[in-house]
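First up is the structure itself, then whatever we jot down about it.
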Number of protein chains: 2
Amino acid sequence: MYRTHNNGQLRAADINKEVTLSGWVQRTRDKGFMMWVDLRDRYGITQLIFDADRTSKELFEKASSLGREFVIQVTGTVIERQSKNPNLPTGDVEILVSELIILNESQTPPFTIEDETDGGEDLRMKYRYLDIRRNPVRENLIFRHKVAIAVRNYLSDKGFIEVETPYLIKSTPEGARDFVVPSRMNEGQFYALPQSPQTFKQLLMVAGMDKYFQIVKCFRDEDLRADRQPEFTQIDCEMAFVDQEDILNAFEGLTKHLLREINGIEVTDFPRMTYDDAMAKYGNDKPDIRFGMEFGELNEVTQHKDFSVFNQAELVVGIAVPGGNKFTRKEIDKLTDWVKRPQVGALGMVYVRCNEDGSYKSSVDKFYTDEDLAEWARVTGAKPGDLICVLSGNKNKVRPQLSALRMHLAEELELRNPKEFAPLWVVDFPLLEWDEETQRYYAMHHPFTSPKPGQLELLESKPGEVKANAYDLVINGNEIGGGSIRIHDKETQSKMFDYLGFTPEEAKAQFGFLMDAFQYGAPPHGGIAFGLDRLVAILGGHETIRDYIAFPKNNSGRDVMIDAPAAIDKKQLEELHLKVQITK
Amino acid sequence: MYRTHNNGQLRAADINKEVTLSGWVQRTRDKGFMMWVDLRDRYGITQLIFDADRTSKELFEKASSLGREFVIQVTGTVIERQSKNPNLPTGDVEILVSELIILNESQTPPFTIEDETDGGEDLRMKYRYLDIRRNPVRENLIFRHKVAIAVRNYLSDKGFIEVETPYLIKSTPEGARDFVVPSRMNEGQFYALPQSPQTFKQLLMVAGMDKYFQIVKCFRDEDLRADRQPEFTQIDCEMAFVDQEDILNAFEGLTKHLLREINGIEVTDFPRMTYDDAMAKYGNDKPDIRFGMEFGELNEVTQHKDFSVFNQAELVVGIAVPGGNKFTRKEIDKLTDWVKRPQVGALGMVYVRCNEDGSYKSSVDKFYTDEDLAEWARVTGAKPGDLICVLSGNKNKVRPQLSALRMHLAEELELRNPKEFAPLWVVDFPLLEWDEETQRYYAMHHPFTSPKPGQLELLESKPGEVKANAYDLVINGNEIGGGSIRIHDKETQSKMFDYLGFTPEEAKAQFGFLMDAFQYGAPPHGGIAFGLDRLVAILGGHETIRDYIAFPKNNSGRDVMIDAPAAIDKKQLEELHLKVQITK
């Protein structure tokens, strides 16, 4: 037996007990006649003491040979600690060691195993098994486990059944790029790894499972933007005989439960906002509503003067920056430069200082009077002491620009309370999304999303205006989950595939099984999927999902620890009927 | 709102309530003036009634149009049922329908949606979404969910942390064939899908996670034998600072918990048997110990006479078949033929009838006296009325042959109680396994398994005799789980790789990260993995894992419902730098 207790367990009540402990040497302090070792494991730290007076010479010398991260087993007596450490749960006691076994030695780690380490990201990823020894990283993984099990028990108690769906499925051209898996037994054919279990969960509804969920890995072979992983985890859910209201209520319940159980926070009922409102008020379909700075549309109050920039603009829109009048001219210039950066892309920024005395000073004083500017202040909600920032141009461009500025200012002015959770349902998403590059509409969510009742008729005439029974759950500006009520009849589904450019043959080859299923009594159904990585990060108070993944991949999709992907044997390739064609 | 109650919910206490129900039409009975519909969902069946006297003509006609598996929504009043059905939880009531909405029609299903269906395996798999509508199939999936959540909560309560390990890892030549995933971003390179998270769970022990588990999909590209799936689910576990005893106790606890929670069965402490004993007593490393018929080795009591077949045999071994003396000559001949089938491969069978009067009658009467045969009976434990069956030959061949005969007879004589669970630990497995084809030893478990203390020295001189710290959990003749205490020092691990034929370069390329990890303070550790599919099937009282998998693949690794695998786009292949080479 390697231990009688763990290293977070012993208290004053255990004094005089004979115990055996195992763990890692966190640090040693050697005073020549007295030596202390901090022994660490997942559960905490216990101090060991070797005293030249009370310890054999041999044992003392062995202790002196210990280095950081050595793995040891000790037996000894729990004694009262001379200088107690109130910051440590075990800080009242120490172990007077009578026996020491070195279970494994350790080379000097490439970075320090401390809460604050000197190791850079790359080094920590290469030696991730050492990185996880650090408390904050390990605690994040334990936190993830707690969230996952809370989700499972909540849903299970509500009658949801976790059903495992297959990982080796079929590639579909719609959506993101699939990872594929060559089949050895079916020559020239490939499986695909699921981007989500979408069609399977719908089939489970056709199958009468009624309420399904699954915490499941999904895969997307996309060029990796920051904080995206080629494999990610979803909480995937589906319900039958429901409308949108049922789904929102069910998963608002889950989210409140998690905030209560995991974060100890009670939140009120989640506000709901249409997609159109979110775009108009925040320029963003996942607005952070922890702070104000709602958009004020200024066309009406700006387009009667000689300022041609505004007169020609489809949209003139501004935000009131609380206390922004304190910005220096230089700081305002910096803001202007910021919105003109290529990443944001605005052509310029008009500002209005709202002075404490009720007067205004703007960058367009020669076009607008104080009375005009007072109107701007009314529309944007600016008060004396604020600064109004105004952008103008094409609606679809200027809204994201002003949204970026809003978020930038929130960051600069620290308007976002990291302890606050502000969930929000965004509803009534458009069914379709225009793609400039290919000059056609695509399904905004996916081709199984149902249009709002009666809107299918608009599909040909005004496709951009068709609204879907689709919704997102947003927390603090992050999309945590999204879903929809699905199409459940073959005719509508065929119409959608047809509209999205599938030939009947393609639709049948790809999704024939689903359309067949719709002919045998498919119930109305809908669902939602949450990104577990993101949800855990948000609940944990971080924004980087990589912090909550045990073995993440880097931005080239590589696992630098195990050095994957890698070349495979020629024999393996032959068995798979494949030949690699290097293009350069 | 589609329903106020589900179809398993209404009782006599609900009489007079106005309710809305949704579900599938299980069956209709039309008496002209009165019509009944059984409405089904996951939760049960509720009887609807349409009465020409109490129902509008229009509604009655609409009801008459309903077919099997139509999806409907009804509103009506709960009334007392005329002829109550005590077999149905809702059997005291029926719904007098006032409103009927047909949510979706249904074609006639290709097989009946009843507990006993007329659909064959192939048809049921193609329309699996209809198959799952049948109670027994759906209940199996719900049962699986219950087992999985019981496992998770038990382990979590015991301090195990579920950590998700990556699915896109690196191919290793050792063990079974990997499924591989070509990388688009890393030209000519491949990920592999994990056969198990073995190295990752070991790294998590090096990382100080202390207790890990994961319910996780694993993948093996092997030719599929009956009841094997290319993707399967494991309960994967690992613990640090443990020896074999700790692991056996921890997971005996889990197994007992499941038998208690899921099956309502208390079992005693699991017996333990060495691999050598299991082979000698049952000819099998996963013996079914629900019944006796232990092997008796007869060399000593047979090899003193003129029967050359026995005299030349490495092993002469027999079993006592309880009550087997009642077999006719014809039946015994059939048994002999059975063991001589190519699938078993014995050359012949010697039998001894143990007569009720204490005399014997054998097929080798001309070589052996009654006194000789009494000795055989003593060794095999045969009693008057039994039959002794004896096989002989090479030890490694004759044991599995007699084991097959033992299981065959258990089946014929119904010796196995399907309600009984007889768990058993088989311990002290050999470290290595001889492969006739390649004329070398392979790791029996995997190359990370540690040899028993002090046995590493035998590796060169007597490799076949080295015992490992490896164990299997067996229930009713099925291997439910297996694991080992791992090697945790670089030197031993290098020696193992070296012995298994890895060059130092290959070992470094494949497992360098693990051996590196062992240099930074790896703790002693070990673990176990359970096959969830098999475990669920055993607990559920079935032996076919396919019954407990929502969407299984067939023996060619195909999903016949979605028709996968399939050819992929030329463009996809190009992006992956691959060319298909059809060999025929």
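If you're wondering about the labels, chains in the structure tokens are A, B, ... by order shown, residues count from 1 in each chain, ligands from 1 in order shown.
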(Q) Run DSSP on the backbone and tell me which residues of segment 236-414 of chain B come out as strand (DSSP E or B); list them as number ranges by chain. (A) B: 236-240, 272-274, 296-297, 315-321, 350-354, 360-362, 387-393
Need to verify the contact set: Tyr2 of chain A, 12 Å, only C-alpha atoms, exclusion of same-chain residues closer than 5 positions in sequence. Can you return it as a PDB file with all heavy atoms, in the first residue's frame?
ATOM      1  N   VAL A  19       1.427   7.395   9.684  1.00  0.00           N
ATOM      2  CA  VAL A  19       0.816   7.468   8.350  1.00  0.00           C
ATOM      3  C   VAL A  19       1.837   7.155   7.270  1.00  0.00           C
ATOM      4  O   VAL A  19       3.049   7.259   7.489  1.00  0.00           O
ATOM      5  CB  VAL A  19       0.210   8.871   8.072  1.00  0.00           C
ATOM      6  CG1 VAL A  19      -0.893   9.199   9.065  1.00  0.00           C
ATOM      7  CG2 VAL A  19       1.285   9.948   8.072  1.00  0.00           C
ATOM      8  N   THR A  20       1.321   6.772   6.116  1.00  0.00           N
ATOM      9  CA  THR A  20       2.165   6.615   4.926  1.00  0.00           C
ATOM     10  C   THR A  20       1.611   7.527   3.840  1.00  0.00           C
ATOM     11  O   THR A  20       0.405   7.536   3.586  1.00  0.00           O
ATOM     12  CB  THR A  20       2.162   5.148   4.449  1.00  0.00           C
ATOM     13  OG1 THR A  20       2.685   4.322   5.490  1.00  0.00           O
ATOM     14  CG2 THR A  20       3.021   4.976   3.209  1.00  0.00           C
ATOM     15  N   LEU A  21       2.489   8.311   3.240  1.00  0.00           N
ATOM     16  CA  LEU A  21       2.081   9.251   2.192  1.00  0.00           C
ATOM     17  C   LEU A  21       2.927   9.026   0.948  1.00  0.00           C
ATOM     18  O   LEU A  21       4.063   8.569   1.032  1.00  0.00           O
ATOM     19  CB  LEU A  21       2.266  10.695   2.664  1.00  0.00           C
ATOM     20  CG  LEU A  21       1.502  11.157   3.914  1.00  0.00           C
ATOM     21  CD1 LEU A  21       1.872  12.598   4.254  1.00  0.00           C
ATOM     22  CD2 LEU A  21      -0.007  11.027   3.718  1.00  0.00           C
ATOM     23  N   SER A  22       2.363   9.350  -0.186  1.00  0.00           N
ATOM     24  CA  SER A  22       3.135   9.314  -1.434  1.00  0.00           C
ATOM     25  C   SER A  22       2.875  10.599  -2.208  1.00  0.00           C
ATOM     26  O   SER A  22       1.827  11.234  -2.021  1.00  0.00           O
ATOM     27  CB  SER A  22       2.717   8.124  -2.296  1.00  0.00           C
ATOM     28  OG  SER A  22       3.174   6.920  -1.740  1.00  0.00           O
ATOM     29  N   GLY A  23       3.807  10.943  -3.073  1.00  0.00           N
ATOM     30  CA  GLY A  23       3.583  12.143  -3.895  1.00  0.00           C
ATOM     31  C   GLY A  23       4.871  12.661  -4.489  1.00  0.00           C
ATOM     32  O   GLY A  23       5.880  11.948  -4.553  1.00  0.00           O
ATOM     33  N   VAL A  71       9.459  11.301  -7.048  1.00  0.00           N
ATOM     34  CA  VAL A  71       8.266  10.645  -6.514  1.00  0.00           C
ATOM     35  C   VAL A  71       8.691   9.799  -5.323  1.00  0.00           C
ATOM     36  O   VAL A  71       9.573   8.946  -5.467  1.00  0.00           O
ATOM     37  CB  VAL A  71       7.609   9.741  -7.579  1.00  0.00           C
ATOM     38  CG1 VAL A  71       6.304   9.153  -7.048  1.00  0.00           C
ATOM     39  CG2 VAL A  71       7.341  10.535  -8.847  1.00  0.00           C
ATOM     40  N   ILE A  72       8.118  10.083  -4.165  1.00  0.00           N
ATOM     41  CA  ILE A  72       8.565   9.379  -2.959  1.00  0.00           C
ATOM     42  C   ILE A  72       7.374   8.829  -2.167  1.00  0.00           C
ATOM     43  O   ILE A  72       6.237   9.255  -2.355  1.00  0.00           O
ATOM     44  CB  ILE A  72       9.402  10.294  -2.032  1.00  0.00           C
ATOM     45  CG1 ILE A  72       8.573  11.495  -1.552  1.00  0.00           C
ATOM     46  CG2 ILE A  72      10.685  10.747  -2.729  1.00  0.00           C
ATOM     47  CD1 ILE A  72       9.279  12.317  -0.467  1.00  0.00           C
ATOM     48  N   GLN A  73       7.712   7.885  -1.310  1.00  0.00           N
ATOM     49  CA  GLN A  73       6.755   7.340  -0.351  1.00  0.00           C
ATOM     50  C   GLN A  73       7.406   7.465   1.024  1.00  0.00           C
ATOM     51  O   GLN A  73       8.569   7.104   1.178  1.00  0.00           O
ATOM     52  CB  GLN A  73       6.473   5.880  -0.698  1.00  0.00           C
ATOM     53  CG  GLN A  73       5.519   5.189   0.268  1.00  0.00           C
ATOM     54  CD  GLN A  73       5.392   3.703  -0.035  1.00  0.00           C
ATOM     55  OE1 GLN A  73       5.764   3.244  -1.117  1.00  0.00           O
ATOM     56  NE2 GLN A  73       4.895   2.949   0.922  1.00  0.00           N
ATOM     57  N   VAL A  74       6.681   8.005   1.985  1.00  0.00           N
ATOM     58  CA  VAL A  74       7.248   8.150   3.325  1.00  0.00           C
ATOM     59  C   VAL A  74       6.290   7.558   4.352  1.00  0.00           C
ATOM     60  O   VAL A  74       5.082   7.550   4.173  1.00  0.00           O
ATOM     61  CB  VAL A  74       7.507   9.630   3.700  1.00  0.00           C
ATOM     62  CG1 VAL A  74       8.569  10.252   2.810  1.00  0.00           C
ATOM     63  CG2 VAL A  74       6.221  10.444   3.684  1.00  0.00           C
ATOM     64  N   THR A  75       6.892   7.072   5.431  1.00  0.00           N
ATOM     65  CA  THR A  75       6.095   6.673   6.588  1.00  0.00           C
ATOM     66  C   THR A  75       6.623   7.480   7.759  1.00  0.00           C
ATOM     67  O   THR A  75       7.828   7.759   7.844  1.00  0.00           O
ATOM     68  CB  THR A  75       6.230   5.167   6.840  1.00  0.00           C
ATOM     69  OG1 THR A  75       5.689   4.479   5.699  1.00  0.00           O
ATOM     70  CG2 THR A  75       5.450   4.732   8.075  1.00  0.00           C
ATOM     71  N   LEU A 100      11.744   6.410   4.188  1.00  0.00           N
ATOM     72  CA  LEU A 100      11.647   7.135   2.910  1.00  0.00           C
ATOM     73  C   LEU A 100      11.990   6.182   1.776  1.00  0.00           C
ATOM     74  O   LEU A 100      13.052   5.560   1.786  1.00  0.00           O
ATOM     75  CB  LEU A 100      12.619   8.323   2.909  1.00  0.00           C
ATOM     76  CG  LEU A 100      12.938   8.986   1.562  1.00  0.00           C
ATOM     77  CD1 LEU A 100      11.683   9.648   0.978  1.00  0.00           C
ATOM     78  CD2 LEU A 100      14.038  10.023   1.724  1.00  0.00           C
ATOM     79  N   ILE A 101      11.075   6.049   0.818  1.00  0.00           N
ATOM     80  CA  ILE A 101      11.356   5.248  -0.381  1.00  0.00           C
ATOM     81  C   ILE A 101      11.285   6.167  -1.594  1.00  0.00           C
ATOM     82  O   ILE A 101      10.294   6.894  -1.760  1.00  0.00           O
ATOM     83  CB  ILE A 101      10.323   4.104  -0.544  1.00  0.00           C
ATOM     84  CG1 ILE A 101      10.356   3.181   0.676  1.00  0.00           C
ATOM     85  CG2 ILE A 101      10.578   3.311  -1.824  1.00  0.00           C
ATOM     86  CD1 ILE A 101       9.201   2.181   0.715  1.00  0.00           C
ATOM     87  N   ILE A 102      12.329   6.167  -2.384  1.00  0.00           N
ATOM     88  CA  ILE A 102      12.289   6.948  -3.627  1.00  0.00           C
ATOM     89  C   ILE A 102      11.660   6.068  -4.703  1.00  0.00           C
ATOM     90  O   ILE A 102      12.251   5.088  -5.148  1.00  0.00           O
ATOM     91  CB  ILE A 102      13.703   7.423  -4.035  1.00  0.00           C
ATOM     92  CG1 ILE A 102      14.256   8.358  -2.946  1.00  0.00           C
ATOM     93  CG2 ILE A 102      13.663   8.142  -5.392  1.00  0.00           C
ATOM     94  CD1 ILE A 102      15.681   8.811  -3.177  1.00  0.00           C
ATOM     95  N   LEU A 103      10.433   6.392  -5.108  1.00  0.00           N
ATOM     96  CA  LEU A 103       9.705   5.558  -6.078  1.00  0.00           C
ATOM     97  C   LEU A 103      10.172   5.839  -7.502  1.00  0.00           C
ATOM     98  O   LEU A 103      10.148   4.972  -8.362  1.00  0.00           O
ATOM     99  CB  LEU A 103       8.195   5.805  -5.975  1.00  0.00           C
ATOM    100  CG  LEU A 103       7.547   5.424  -4.638  1.00  0.00           C
ATOM    101  CD1 LEU A 103       6.107   5.935  -4.577  1.00  0.00           C
ATOM    102  CD2 LEU A 103       7.569   3.910  -4.442  1.00  0.00           C
TER     103      LEU A 103
ATOM    104  N   MET B 239      -5.288   4.578 -12.157  1.00  0.00           N
ATOM    105  CA  MET B 239      -5.035   5.097 -10.810  1.00  0.00           C
ATOM    106  C   MET B 239      -3.537   5.142 -10.554  1.00  0.00           C
ATOM    107  O   MET B 239      -2.792   4.288 -11.027  1.00  0.00           O
ATOM    108  CB  MET B 239      -5.661   4.169  -9.754  1.00  0.00           C
ATOM    109  CG  MET B 239      -7.151   3.965  -9.884  1.00  0.00           C
ATOM    110  SD  MET B 239      -7.762   2.620  -8.804  1.00  0.00           S
ATOM    111  CE  MET B 239      -7.924   3.491  -7.246  1.00  0.00           C
ATOM    112  N   ALA B 240      -3.119   6.128  -9.769  1.00  0.00           N
ATOM    113  CA  ALA B 240      -1.704   6.226  -9.401  1.00  0.00           C
ATOM    114  C   ALA B 240      -1.516   5.746  -7.968  1.00  0.00           C
ATOM    115  O   ALA B 240      -2.461   5.719  -7.185  1.00  0.00           O
ATOM    116  CB  ALA B 240      -1.216   7.655  -9.549  1.00  0.00           C
ATOM    117  N   PHE B 241      -0.273   5.396  -7.645  1.00  0.00           N
ATOM    118  CA  PHE B 241       0.094   4.924  -6.308  1.00  0.00           C
ATOM    119  C   PHE B 241      -0.751   3.722  -5.887  1.00  0.00           C
ATOM    120  O   PHE B 241      -1.326   3.695  -4.796  1.00  0.00           O
ATOM    121  CB  PHE B 241      -0.031   6.070  -5.282  1.00  0.00           C
ATOM    122  CG  PHE B 241       0.868   7.233  -5.592  1.00  0.00           C
ATOM    123  CD1 PHE B 241       0.340   8.456  -5.981  1.00  0.00           C
ATOM    124  CD2 PHE B 241       2.250   7.088  -5.529  1.00  0.00           C
ATOM    125  CE1 PHE B 241       1.166   9.528  -6.284  1.00  0.00           C
ATOM    126  CE2 PHE B 241       3.083   8.162  -5.834  1.00  0.00           C
ATOM    127  CZ  PHE B 241       2.538   9.381  -6.212  1.00  0.00           C
ATOM    128  N   VAL B 242      -0.882   2.795  -6.789  1.00  0.00           N
ATOM    129  CA  VAL B 242      -1.663   1.604  -6.499  1.00  0.00           C
ATOM    130  C   VAL B 242      -0.895   0.354  -6.895  1.00  0.00           C
ATOM    131  O   VAL B 242      -0.029   0.390  -7.770  1.00  0.00           O
ATOM    132  CB  VAL B 242      -3.000   1.571  -7.278  1.00  0.00           C
ATOM    133  CG1 VAL B 242      -3.968   2.619  -6.754  1.00  0.00           C
ATOM    134  CG2 VAL B 242      -2.767   1.746  -8.776  1.00  0.00           C
ATOM    135  N   ASP B 243      -1.206  -0.750  -6.221  1.00  0.00           N
ATOM    136  CA  ASP B 243      -0.773  -2.046  -6.706  1.00  0.00           C
ATOM    137  C   ASP B 243      -2.007  -2.806  -7.167  1.00  0.00           C
ATOM    138  O   ASP B 243      -3.116  -2.279  -7.117  1.00  0.00           O
ATOM    139  CB  ASP B 243       0.037  -2.803  -5.644  1.00  0.00           C
ATOM    140  CG  ASP B 243      -0.708  -2.902  -4.331  1.00  0.00           C
ATOM    141  OD1 ASP B 243      -1.953  -2.905  -4.352  1.00  0.00           O
ATOM    142  OD2 ASP B 243      -0.053  -2.971  -3.278  1.00  0.00           O
ATOM    143  N   GLN B 244      -1.792  -4.035  -7.622  1.00  0.00           N
ATOM    144  CA  GLN B 244      -2.880  -4.808  -8.217  1.00  0.00           C
ATOM    145  C   GLN B 244      -4.072  -4.935  -7.270  1.00  0.00           C
ATOM    146  O   GLN B 244      -5.230  -4.803  -7.681  1.00  0.00           O
ATOM    147  CB  GLN B 244      -2.340  -6.193  -8.595  1.00  0.00           C
ATOM    148  CG  GLN B 244      -3.409  -7.129  -9.124  1.00  0.00           C
ATOM    149  CD  GLN B 244      -2.797  -8.376  -9.731  1.00  0.00           C
ATOM    150  OE1 GLN B 244      -1.886  -8.294 -10.563  1.00  0.00           O
ATOM    151  NE2 GLN B 244      -3.283  -9.530  -9.329  1.00  0.00           N
ATOM    152  N   GLU B 245      -3.774  -5.131  -5.981  1.00  0.00           N
ATOM    153  CA  GLU B 245      -4.825  -5.312  -4.986  1.00  0.00           C
ATOM    154  C   GLU B 245      -5.766  -4.097  -4.934  1.00  0.00           C
ATOM    155  O   GLU B 245      -6.988  -4.237  -4.843  1.00  0.00           O
ATOM    156  CB  GLU B 245      -4.157  -5.534  -3.622  1.00  0.00           C
ATOM    157  CG  GLU B 245      -5.032  -6.157  -2.577  1.00  0.00           C
ATOM    158  CD  GLU B 245      -5.640  -7.488  -3.000  1.00  0.00           C
ATOM    159  OE1 GLU B 245      -5.033  -8.216  -3.815  1.00  0.00           O
ATOM    160  OE2 GLU B 245      -6.753  -7.770  -2.537  1.00  0.00           O
ATOM    161  N   ASP B 246      -5.175  -2.905  -5.011  1.00  0.00           N
ATOM    162  CA  ASP B 246      -5.986  -1.680  -4.967  1.00  0.00           C
ATOM    163  C   ASP B 246      -6.943  -1.618  -6.151  1.00  0.00           C
ATOM    164  O   ASP B 246      -8.097  -1.225  -6.026  1.00  0.00           O
ATOM    165  CB  ASP B 246      -5.078  -0.438  -4.992  1.00  0.00           C
ATOM    166  CG  ASP B 246      -4.160  -0.376  -3.781  1.00  0.00           C
ATOM    167  OD1 ASP B 246      -4.652  -0.553  -2.659  1.00  0.00           O
ATOM    168  OD2 ASP B 246      -2.940  -0.152  -3.963  1.00  0.00           O
ATOM    169  N   PRO B 523       4.751   8.270 -11.333  1.00  0.00           N
ATOM    170  CA  PRO B 523       4.389   7.475 -10.156  1.00  0.00           C
ATOM    171  C   PRO B 523       4.052   6.047 -10.569  1.00  0.00           C
ATOM    172  O   PRO B 523       3.724   5.793 -11.725  1.00  0.00           O
ATOM    173  CB  PRO B 523       3.134   8.188  -9.653  1.00  0.00           C
ATOM    174  CG  PRO B 523       2.484   8.693 -10.911  1.00  0.00           C
ATOM    175  CD  PRO B 523       3.622   9.070 -11.841  1.00  0.00           C
ATOM    176  N   PRO B 524       4.120   5.101  -9.643  1.00  0.00           N
ATOM    177  CA  PRO B 524       3.583   3.771  -9.939  1.00  0.00           C
ATOM    178  C   PRO B 524       2.101   3.918 -10.279  1.00  0.00           C
ATOM    179  O   PRO B 524       1.407   4.725  -9.664  1.00  0.00           O
ATOM    180  CB  PRO B 524       3.731   3.007  -8.616  1.00  0.00           C
ATOM    181  CG  PRO B 524       4.480   3.890  -7.681  1.00  0.00           C
ATOM    182  CD  PRO B 524       4.547   5.250  -8.255  1.00  0.00           C
ATOM    183  N   HIS B 525       1.646   3.182 -11.281  1.00  0.00           N
ATOM    184  CA  HIS B 525       0.239   3.338 -11.670  1.00  0.00           C
ATOM    185  C   HIS B 525      -0.253   2.106 -12.407  1.00  0.00           C
ATOM    186  O   HIS B 525       0.530   1.286 -12.866  1.00  0.00           O
ATOM    187  CB  HIS B 525       0.041   4.598 -12.522  1.00  0.00           C
ATOM    188  CG  HIS B 525       0.798   4.588 -13.818  1.00  0.00           C
ATOM    189  ND1 HIS B 525       2.163   4.816 -13.895  1.00  0.00           N
ATOM    190  CD2 HIS B 525       0.387   4.401 -15.092  1.00  0.00           C
ATOM    191  CE1 HIS B 525       2.550   4.757 -15.161  1.00  0.00           C
ATOM    192  NE2 HIS B 525       1.495   4.498 -15.912  1.00  0.00           N
TER     193      HIS B 525
END
Q: Name all residues at most 7 Å from segment 539-548 of chain A (count only C-alpha atoms; drop same-chain ones fewer than 4 positions away) and give them as a ChimeraX atom specification.
A: /A:137,140-141,144,227,418,533-535,552
Now that the selection is made, can you save its residues with N, CA, C and O atoms as a PDB file, in the first residue's frame?
ATOM      1  N   VAL A 137      -4.021  24.357 -13.947  1.00  0.00           N
ATOM      2  CA  VAL A 137      -4.372  23.543 -15.115  1.00  0.00           C
ATOM      3  C   VAL A 137      -5.166  22.311 -14.666  1.00  0.00           C
ATOM      4  O   VAL A 137      -6.211  21.986 -15.226  1.00  0.00           O
ATOM      5  N   ASN A 140      -8.646  23.188 -13.658  1.00  0.00           N
ATOM      6  CA  ASN A 140      -9.526  23.422 -14.811  1.00  0.00           C
ATOM      7  C   ASN A 140     -10.115  22.116 -15.334  1.00  0.00           C
ATOM      8  O   ASN A 140     -11.289  22.050 -15.707  1.00  0.00           O
ATOM      9  N   LEU A 141      -9.291  21.061 -15.374  1.00  0.00           N
ATOM     10  CA  LEU A 141      -9.781  19.779 -15.888  1.00  0.00           C
ATOM     11  C   LEU A 141     -10.787  19.166 -14.911  1.00  0.00           C
ATOM     12  O   LEU A 141     -11.778  18.562 -15.324  1.00  0.00           O
ATOM     13  N   ARG A 144     -13.992  20.993 -15.420  1.00  0.00           N
ATOM     14  CA  ARG A 144     -14.686  20.487 -16.613  1.00  0.00           C
ATOM     15  C   ARG A 144     -15.465  19.218 -16.280  1.00  0.00           C
ATOM     16  O   ARG A 144     -16.616  19.057 -16.688  1.00  0.00           O
ATOM     17  N   ASP A 227      -8.199  29.769 -30.996  1.00  0.00           N
ATOM     18  CA  ASP A 227      -9.130  29.160 -30.056  1.00  0.00           C
ATOM     19  C   ASP A 227     -10.200  28.302 -30.724  1.00  0.00           C
ATOM     20  O   ASP A 227     -11.317  28.202 -30.224  1.00  0.00           O
ATOM     21  N   PRO A 418     -16.290  40.634 -14.662  1.00  0.00           N
ATOM     22  CA  PRO A 418     -15.978  39.208 -14.912  1.00  0.00           C
ATOM     23  C   PRO A 418     -16.769  38.272 -14.002  1.00  0.00           C
ATOM     24  O   PRO A 418     -16.865  37.083 -14.276  1.00  0.00           O
ATOM     25  N   ASP A 533     -16.654  22.941 -24.530  1.00  0.00           N
ATOM     26  CA  ASP A 533     -15.369  23.599 -24.265  1.00  0.00           C
ATOM     27  C   ASP A 533     -15.602  25.067 -23.890  1.00  0.00           C
ATOM     28  O   ASP A 533     -15.076  25.572 -22.908  1.00  0.00           O
ATOM     29  N   ARG A 534     -16.415  25.737 -24.694  1.00  0.00           N
ATOM     30  CA  ARG A 534     -16.693  27.160 -24.467  1.00  0.00           C
ATOM     31  C   ARG A 534     -17.507  27.362 -23.191  1.00  0.00           C
ATOM     32  O   ARG A 534     -17.192  28.243 -22.392  1.00  0.00           O
ATOM     33  N   LEU A 535     -18.531  26.532 -23.004  1.00  0.00           N
ATOM     34  CA  LEU A 535     -19.373  26.661 -21.811  1.00  0.00           C
ATOM     35  C   LEU A 535     -18.539  26.545 -20.541  1.00  0.00           C
ATOM     36  O   LEU A 535     -18.666  27.344 -19.606  1.00  0.00           O
ATOM     37  N   PRO A 552      -4.797  19.686 -25.966  1.00  0.00           N
ATOM     38  CA  PRO A 552      -5.273  20.433 -27.147  1.00  0.00           C
ATOM     39  C   PRO A 552      -4.284  20.354 -28.307  1.00  0.00           C
ATOM     40  O   PRO A 552      -3.129  19.972 -28.127  1.00  0.00           O
TER      41      PRO A 552
END
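Those residues that approach Thr165 of chain A to within 10 Å, counting only C-alpha atoms, are Glu162, Leu168, Ile169, Pro194, Ser196, Pro197, Gln198, Thr199, Phe200, Lys201, Leu204, Gln214 and Val216 of chain A; Ile549, Ala550, Phe551 and Pro552 of chain B; same-chain residues fewer than 3 positions away are not listed.
For the set A:Gln195, A:Ser308, A:Ser106, A:Ser362, the residue with the smallest atom-to-atom gap to Gly521 of chain B is A:Ser106, counting only C-alpha atoms.
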Q. Smallest atom-to-atom distance to chain A: which of B:Glu116, B:Glu314, B:Asp559, B:Glu375, using only C-alpha atoms?
A. B:Asp559
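Residues in contact with Leu193 of chain B at up to 10 Å, not including ones fewer than 2 positions away on its chain and judged by only C-alpha atoms, are Val181 of chain A; Pro166, Tyr167, Leu168, Ile169, Lys170, Ser171, Asp178, Phe179, Val180, Val181, Phe190, Tyr191, Gln195, Ser196, Pro197, Lys217, Cys218, Phe219, Arg220, Asp221 and Glu231 of chain B.
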